[in-house]
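Novice: Structure: model.json, JSON, C-alpha atoms.
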```json
[["chain", "number", "residue", "atom", "x", "y", "z"],
["A", 1, "MET", "CA", 32.84, 123.47, 119.27],
["A", 2, "SER", "CA", 33.49, 119.80, 119.73],
["A", 3, "GLY", "CA", 36.87, 118.47, 118.68],
["A", 4, "GLU", "CA", 35.30, 116.47, 115.85],
["A", 5, "LYS", "CA", 33.50, 119.49, 114.35],
["A", 6, "HIS", "CA", 36.63, 121.59, 114.86],
["A", 7, "GLN", "CA", 38.71, 119.05, 112.92],
["A", 8, "GLU", "CA", 36.11, 118.77, 110.16],
["A", 9, "ALA", "CA", 36.01, 122.55, 109.69],
["A", 10, "LEU", "CA", 39.78, 122.58, 109.30],
["A", 11, "THR", "CA", 40.24, 119.58, 106.99],
["A", 12, "ARG", "CA", 37.15, 119.56, 104.79],
["A", 13, "THR", "CA", 37.41, 120.00, 101.01],
["A", 14, "VAL", "CA", 34.49, 121.89, 99.50],
["A", 15, "THR", "CA", 33.32, 122.49, 95.96],
["A", 16, "GLU", "CA", 31.82, 125.92, 95.29],
["A", 17, "LYS", "CA", 30.33, 127.77, 92.31],
["A", 18, "LEU", "CA", 31.53, 131.27, 91.54],
["A", 19, "SER", "CA", 29.21, 134.03, 90.30],
["A", 20, "ASP", "CA", 30.02, 133.10, 86.70],
["A", 21, "GLY", "CA", 29.17, 129.41, 87.27],
["A", 22, "GLN", "CA", 32.80, 128.20, 87.34],
["A", 23, "VAL", "CA", 33.31, 125.36, 89.83],
["A", 24, "VAL", "CA", 36.25, 125.66, 92.24],
["A", 25, "LYS", "CA", 37.59, 123.34, 94.90],
["A", 26, "ILE", "CA", 38.74, 124.83, 98.23],
["A", 27, "ARG", "CA", 40.84, 122.69, 100.54],
["A", 28, "PRO", "CA", 43.57, 123.03, 103.16],
["A", 29, "LEU", "CA", 46.94, 123.95, 101.67],
["A", 30, "ASN", "CA", 49.89, 121.63, 102.35],
["A", 31, "ARG", "CA", 53.61, 121.29, 101.63],
["A", 32, "ASP", "CA", 52.92, 119.37, 98.42],
["A", 33, "ASP", "CA", 51.35, 122.55, 96.96],
["A", 34, "ILE", "CA", 54.70, 124.35, 96.66],
["A", 35, "GLU", "CA", 54.77, 124.28, 92.83],
["A", 36, "LEU", "CA", 51.14, 125.43, 92.60],
["A", 37, "GLU", "CA", 52.03, 128.30, 94.96],
["A", 38, "ARG", "CA", 55.15, 129.18, 92.92],
["A", 39, "GLU", "CA", 53.16, 129.41, 89.68],
["A", 40, "PHE", "CA", 50.32, 131.31, 91.38],
["A", 41, "ILE", "CA", 52.54, 134.02, 92.90],
["A", 42, "THR", "CA", 54.68, 134.32, 89.77],
["A", 43, "ASN", "CA", 51.58, 134.93, 87.63],
["A", 44, "LEU", "CA", 50.05, 137.60, 89.90],
["A", 45, "SER", "CA", 50.22, 141.14, 88.54],
["A", 46, "PRO", "CA", 52.77, 143.44, 90.21],
["A", 47, "GLU", "CA", 49.84, 145.29, 91.85],
["A", 48, "SER", "CA", 48.34, 142.09, 93.29],
["A", 49, "ARG", "CA", 51.77, 140.94, 94.58],
["A", 50, "HIS", "CA", 52.29, 144.37, 96.17],
["A", 51, "PHE", "CA", 48.87, 144.34, 97.85],
["A", 52, "ARG", "CA", 49.45, 140.78, 99.14],
["A", 53, "PHE", "CA", 53.02, 141.16, 100.41],
["A", 54, "LEU", "CA", 53.16, 144.96, 100.94],
["A", 55, "ALA", "CA", 56.49, 144.90, 99.14],
["A", 56, "GLY", "CA", 57.95, 144.40, 95.72],
["A", 57, "VAL", "CA", 57.95, 140.65, 95.27],
["A", 58, "GLY", "CA", 58.92, 139.34, 91.86],
["A", 59, "LYS", "CA", 59.61, 135.67, 91.44],
["A", 60, "PRO", "CA", 59.16, 134.03, 94.86],
["A", 61, "SER", "CA", 62.26, 132.50, 96.43],
["A", 62, "GLN", "CA", 62.38, 128.85, 97.44],
["A", 63, "LYS", "CA", 62.63, 129.94, 101.10],
["A", 64, "MET", "CA", 59.51, 132.11, 100.77],
["A", 65, "LEU", "CA", 57.58, 129.25, 99.13],
["A", 66, "GLU", "CA", 58.65, 126.81, 101.83],
["A", 67, "GLU", "CA", 57.45, 129.25, 104.51],
["A", 68, "LEU", "CA", 54.12, 129.81, 102.72],
["A", 69, "THR", "CA", 53.48, 126.08, 102.39],
["A", 70, "ASP", "CA", 54.76, 125.08, 105.84],
["A", 71, "ILE", "CA", 51.28, 124.99, 107.31],
["A", 72, "ASP", "CA", 51.02, 123.17, 110.63],
["A", 73, "HIS", "CA", 47.18, 123.47, 110.81],
["A", 74, "ASP", "CA", 47.67, 124.50, 114.44],
["A", 75, "ARG", "CA", 49.34, 127.93, 114.64],
["A", 76, "ARG", "CA", 49.14, 128.52, 110.87],
["A", 77, "GLU", "CA", 46.24, 127.68, 108.56],
["A", 78, "ALA", "CA", 45.74, 128.14, 104.83],
["A", 79, "PHE", "CA", 43.16, 127.23, 102.20],
["A", 80, "ILE", "CA", 43.82, 126.94, 98.48],
["A", 81, "ALA", "CA", 41.28, 127.45, 95.68],
["A", 82, "LEU", "CA", 41.78, 125.24, 92.64],
["A", 83, "ILE", "CA", 40.25, 124.75, 89.20],
["A", 84, "GLN", "CA", 40.76, 121.92, 86.74],
["A", 85, "GLU", "CA", 42.82, 123.09, 83.79],
["A", 86, "ASP", "CA", 44.73, 121.22, 81.09],
["A", 87, "GLY", "CA", 44.31, 117.89, 82.87],
["A", 88, "GLY", "CA", 45.64, 119.18, 86.17],
["A", 89, "GLU", "CA", 44.89, 121.59, 88.97],
["A", 90, "LYS", "CA", 45.64, 125.32, 88.91],
["A", 91, "GLU", "CA", 45.70, 127.54, 92.00],
["A", 92, "ILE", "CA", 43.52, 130.63, 91.59],
["A", 93, "GLY", "CA", 43.39, 131.89, 95.18],
["A", 94, "VAL", "CA", 44.63, 131.33, 98.69],
["A", 95, "SER", "CA", 43.67, 132.48, 102.16],
["A", 96, "ARG", "CA", 45.64, 132.07, 105.36],
["A", 97, "TYR", "CA", 46.05, 133.13, 108.94],
["A", 98, "ALA", "CA", 48.74, 132.86, 111.59],
["A", 99, "LEU", "CA", 47.88, 132.96, 115.27],
["A", 100, "ASP", "CA", 49.19, 135.68, 117.54],
["A", 101, "PRO", "CA", 51.36, 134.41, 120.43],
["A", 102, "ASP", "CA", 48.36, 134.52, 122.82],
["A", 103, "GLY", "CA", 46.33, 132.30, 120.46],
["A", 104, "LYS", "CA", 43.27, 134.59, 120.64],
["A", 105, "ALA", "CA", 43.63, 136.36, 117.29],
["A", 106, "GLY", "CA", 45.06, 135.66, 113.88],
["A", 107, "GLU", "CA", 46.56, 137.84, 111.19],
["A", 108, "CYS", "CA", 45.06, 136.87, 107.86],
["A", 109, "ALA", "CA", 45.60, 137.43, 104.16],
["A", 110, "VAL", "CA", 43.68, 136.55, 101.02],
["A", 111, "VAL", "CA", 44.82, 136.83, 97.41],
["A", 112, "VAL", "CA", 42.96, 135.93, 94.25],
["A", 113, "ALA", "CA", 44.51, 135.60, 90.79],
["A", 114, "ASP", "CA", 43.87, 138.75, 88.78],
["A", 115, "GLU", "CA", 41.66, 137.09, 86.18],
["A", 116, "TRP", "CA", 39.52, 135.48, 88.93],
["A", 117, "GLN", "CA", 38.81, 138.67, 90.89],
["A", 118, "LYS", "CA", 35.22, 139.97, 91.05],
["A", 119, "HIS", "CA", 33.70, 136.46, 90.82],
["A", 120, "GLY", "CA", 33.11, 135.95, 94.57],
["A", 121, "LEU", "CA", 36.19, 133.80, 95.18],
["A", 122, "GLY", "CA", 37.76, 136.20, 97.69],
["A", 123, "THR", "CA", 34.55, 136.16, 99.74],
["A", 124, "LEU", "CA", 34.46, 132.34, 99.69],
["A", 125, "LEU", "CA", 38.09, 132.19, 100.85],
["A", 126, "ILE", "CA", 37.50, 134.76, 103.61],
["A", 127, "ASN", "CA", 34.42, 132.85, 104.77],
["A", 128, "ARG", "CA", 36.48, 129.65, 104.95],
["A", 129, "LEU", "CA", 39.04, 131.46, 107.13],
["A", 130, "ILE", "CA", 36.30, 132.77, 109.40],
["A", 131, "GLU", "CA", 34.78, 129.27, 109.73],
["A", 132, "SER", "CA", 38.18, 127.82, 110.61],
["A", 133, "ALA", "CA", 39.02, 130.61, 113.06],
["A", 134, "ARG", "CA", 35.70, 130.19, 114.85],
["A", 135, "ALA", "CA", 36.16, 126.41, 115.00],
["A", 136, "ARG", "CA", 39.56, 127.03, 116.58],
["A", 137, "GLY", "CA", 38.01, 129.44, 119.12],
["A", 138, "LEU", "CA", 39.72, 132.62, 117.96],
["A", 139, "GLU", "CA", 38.25, 135.90, 119.15],
["A", 140, "ARG", "CA", 39.19, 137.96, 116.10],
["A", 141, "LEU", "CA", 40.90, 138.05, 112.75],
["A", 142, "TYR", "CA", 42.79, 141.05, 111.43],
["A", 143, "SER", "CA", 44.61, 142.02, 108.28],
["A", 144, "ILE", "CA", 47.19, 144.73, 107.62],
["A", 145, "ASP", "CA", 46.82, 146.03, 104.08],
["A", 146, "SER", "CA", 47.74, 148.83, 101.74],
["A", 147, "ALA", "CA", 45.52, 151.90, 102.10],
["A", 148, "GLU", "CA", 45.54, 151.97, 98.27],
["A", 149, "ASN", "CA", 43.71, 148.62, 98.00],
["A", 150, "PHE", "CA", 40.26, 150.05, 97.32],
["A", 151, "LYS", "CA", 38.77, 146.72, 96.18],
["A", 152, "LEU", "CA", 39.60, 145.18, 99.55],
["A", 153, "ARG", "CA", 38.20, 148.17, 101.41],
["A", 154, "GLN", "CA", 34.82, 147.67, 99.72],
["A", 155, "VAL", "CA", 34.75, 143.90, 100.38],
["A", 156, "ALA", "CA", 35.78, 144.39, 104.02],
["A", 157, "ARG", "CA", 33.05, 146.97, 104.55],
["A", 158, "GLU", "CA", 30.42, 144.71, 102.96],
["A", 159, "MET", "CA", 31.49, 141.80, 105.19],
["A", 160, "GLY", "CA", 31.39, 143.85, 108.41],
["A", 161, "TRP", "CA", 35.10, 144.24, 109.11],
["A", 162, "ASP", "CA", 36.19, 147.34, 111.06],
["A", 163, "SER", "CA", 38.76, 149.54, 109.33],
["A", 164, "ASN", "CA", 41.32, 151.75, 111.06],
["A", 165, "ALA", "CA", 44.43, 153.54, 109.89],
["A", 166, "ASP", "CA", 47.61, 151.81, 111.03],
["A", 167, "PRO", "CA", 48.98, 154.09, 113.77],
["A", 168, "ASP", "CA", 52.54, 153.07, 112.87],
["A", 169, "ASP", "CA", 52.27, 153.46, 109.08],
["A", 170, "HIS", "CA", 49.86, 155.88, 107.36],
["A", 171, "THR", "CA", 50.14, 153.90, 104.09],
["A", 172, "GLN", "CA", 48.44, 150.90, 105.70],
["A", 173, "VAL", "CA", 44.99, 150.02, 107.03],
["A", 174, "ILE", "CA", 44.15, 147.44, 109.70],
["A", 175, "TYR", "CA", 40.92, 145.50, 109.14],
["A", 176, "THR", "CA", 39.50, 143.65, 112.14],
["A", 177, "LEU", "CA", 36.63, 141.18, 112.48],
["A", 178, "ASP", "CA", 35.32, 140.39, 115.96],
["A", 179, "LEU", "CA", 34.36, 136.73, 115.62],
["A", 180, "ALA", "CA", 32.13, 136.73, 118.68],
["A", 181, "ALA", "CA", 30.04, 139.65, 117.39],
["A", 182, "THR", "CA", 29.28, 138.28, 113.92]]
```
Could you spell out this file's structure in structure tokens?
Specialist:
Amino acid sequence: MSGEKHQEALTRTVTEKLSDGQVVKIRPLNRDDIELEREFITNLSPESRHFRFLAGVGKPSQKMLEELTDIDHDRREAFIALIQEDGGEKEIGVSRYALDPDGKAGECAVVVADEWQKHGLGTLLINRLIESARARGLERLYSIDSAENFKLRQVAREMGWDSNADPDDHTQVIYTLDLAAT
């Protein structure tokens, strides 16, 4: 992909309609989104926080928020989904990936606010990651998730991701998408 198209795929803001007709804006996440990210993570259910972080995360620490919003748009990429609410913007989902050291693959994660699940937002955020990863020339994306996350298992299957038990941890599943094959 040409450098110009690559850059456009990474920096473009899009407006999308969810299955219920709600309009959302999806754009690259940046350091200025730290308070949106704090509120978003804090308001996730314990189950959603567990599935996202594979650990018990309560209120996110300042250090964690700084790491999550320190996106260099080179080795780390993230996209934030926003709605207009009470005269401002509210984060309702986020997707991200971080490149492996060899730069050929990226570990990704997607989380959608509990009340916005099952409206197609997760699929839109995953598709934005895939578009960005392809523009960057990655060969594959993968995600390490809880084997108990049945909603994700169904979405991954529908989108053509391969699923394998984590050989190092039976409580986890590794989903992989070969970007050249799809």
Novice: With only C-alpha atoms as the basis for distance, which of A:Ala165, A:Ile92, A:Val155, A:Ile83 is at the shortest distance from Val24 (chain A)?
Specialist: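 For Val24 (chain A), the nearest of the given residues is A:Ile83.
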Novice: Measure the distance from CA of Thr42 (chain A) to CA of Thr69 (chain A) in Å and round it to one decimal.
Specialist: 15.1 Å
Novice: Take every atom of region 40-52 of chain A listed in the file, fit an axis-aligned box around them, add 3 Å per side, and give the centre and edge lengths in Å to one decimal as JSON.
Specialist:
```
{"center_x": 51.5, "center_y": 138.3, "center_z": 93.4, "size_x": 12.3, "size_y": 20.0, "size_z": 17.5}
```
Novice: With only C-alpha atoms as the atoms that count, which of A:Lys90, A:Gly106, A:His119, A:Arg76 lies nearest to Ile34 (chain A)?
Specialist: A:Lys90
Novice: Anything within 8 Å of (44.6, 138.3, 110.6): list those residues as number ranges by chain, counting all atoms listed in the file and sticking to the file's coordinates.
Specialist: A: 97-99, 105-109, 140-144, 176
Novice: For a test of reading the model, state the distance in Å between CA of His73 (chain A) and CA of Leu138 (chain A), rounded to one decimal.
Specialist: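 Value for the CA of His73 (chain A)-CA of Leu138 (chain A) distance: 13.8 Å.
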Novice: With only C-alpha atoms as the atoms that count, which of A:His170, A:Lys118, A:Arg31, A:Lys17 lies nearest to Asp70 (chain A)?
Specialist: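 Result for the nearest residue to Asp70 (chain A): A:Arg31.
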Novice: Restricting the calculation to only C-alpha atoms, which member of A:Lys104, A:Arg75, A:Arg38, A:Arg96 is positioned closest to Gly122 (chain A)?
Specialist: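 Answer, going by the shortest atom-to-atom distance: A:Arg96.
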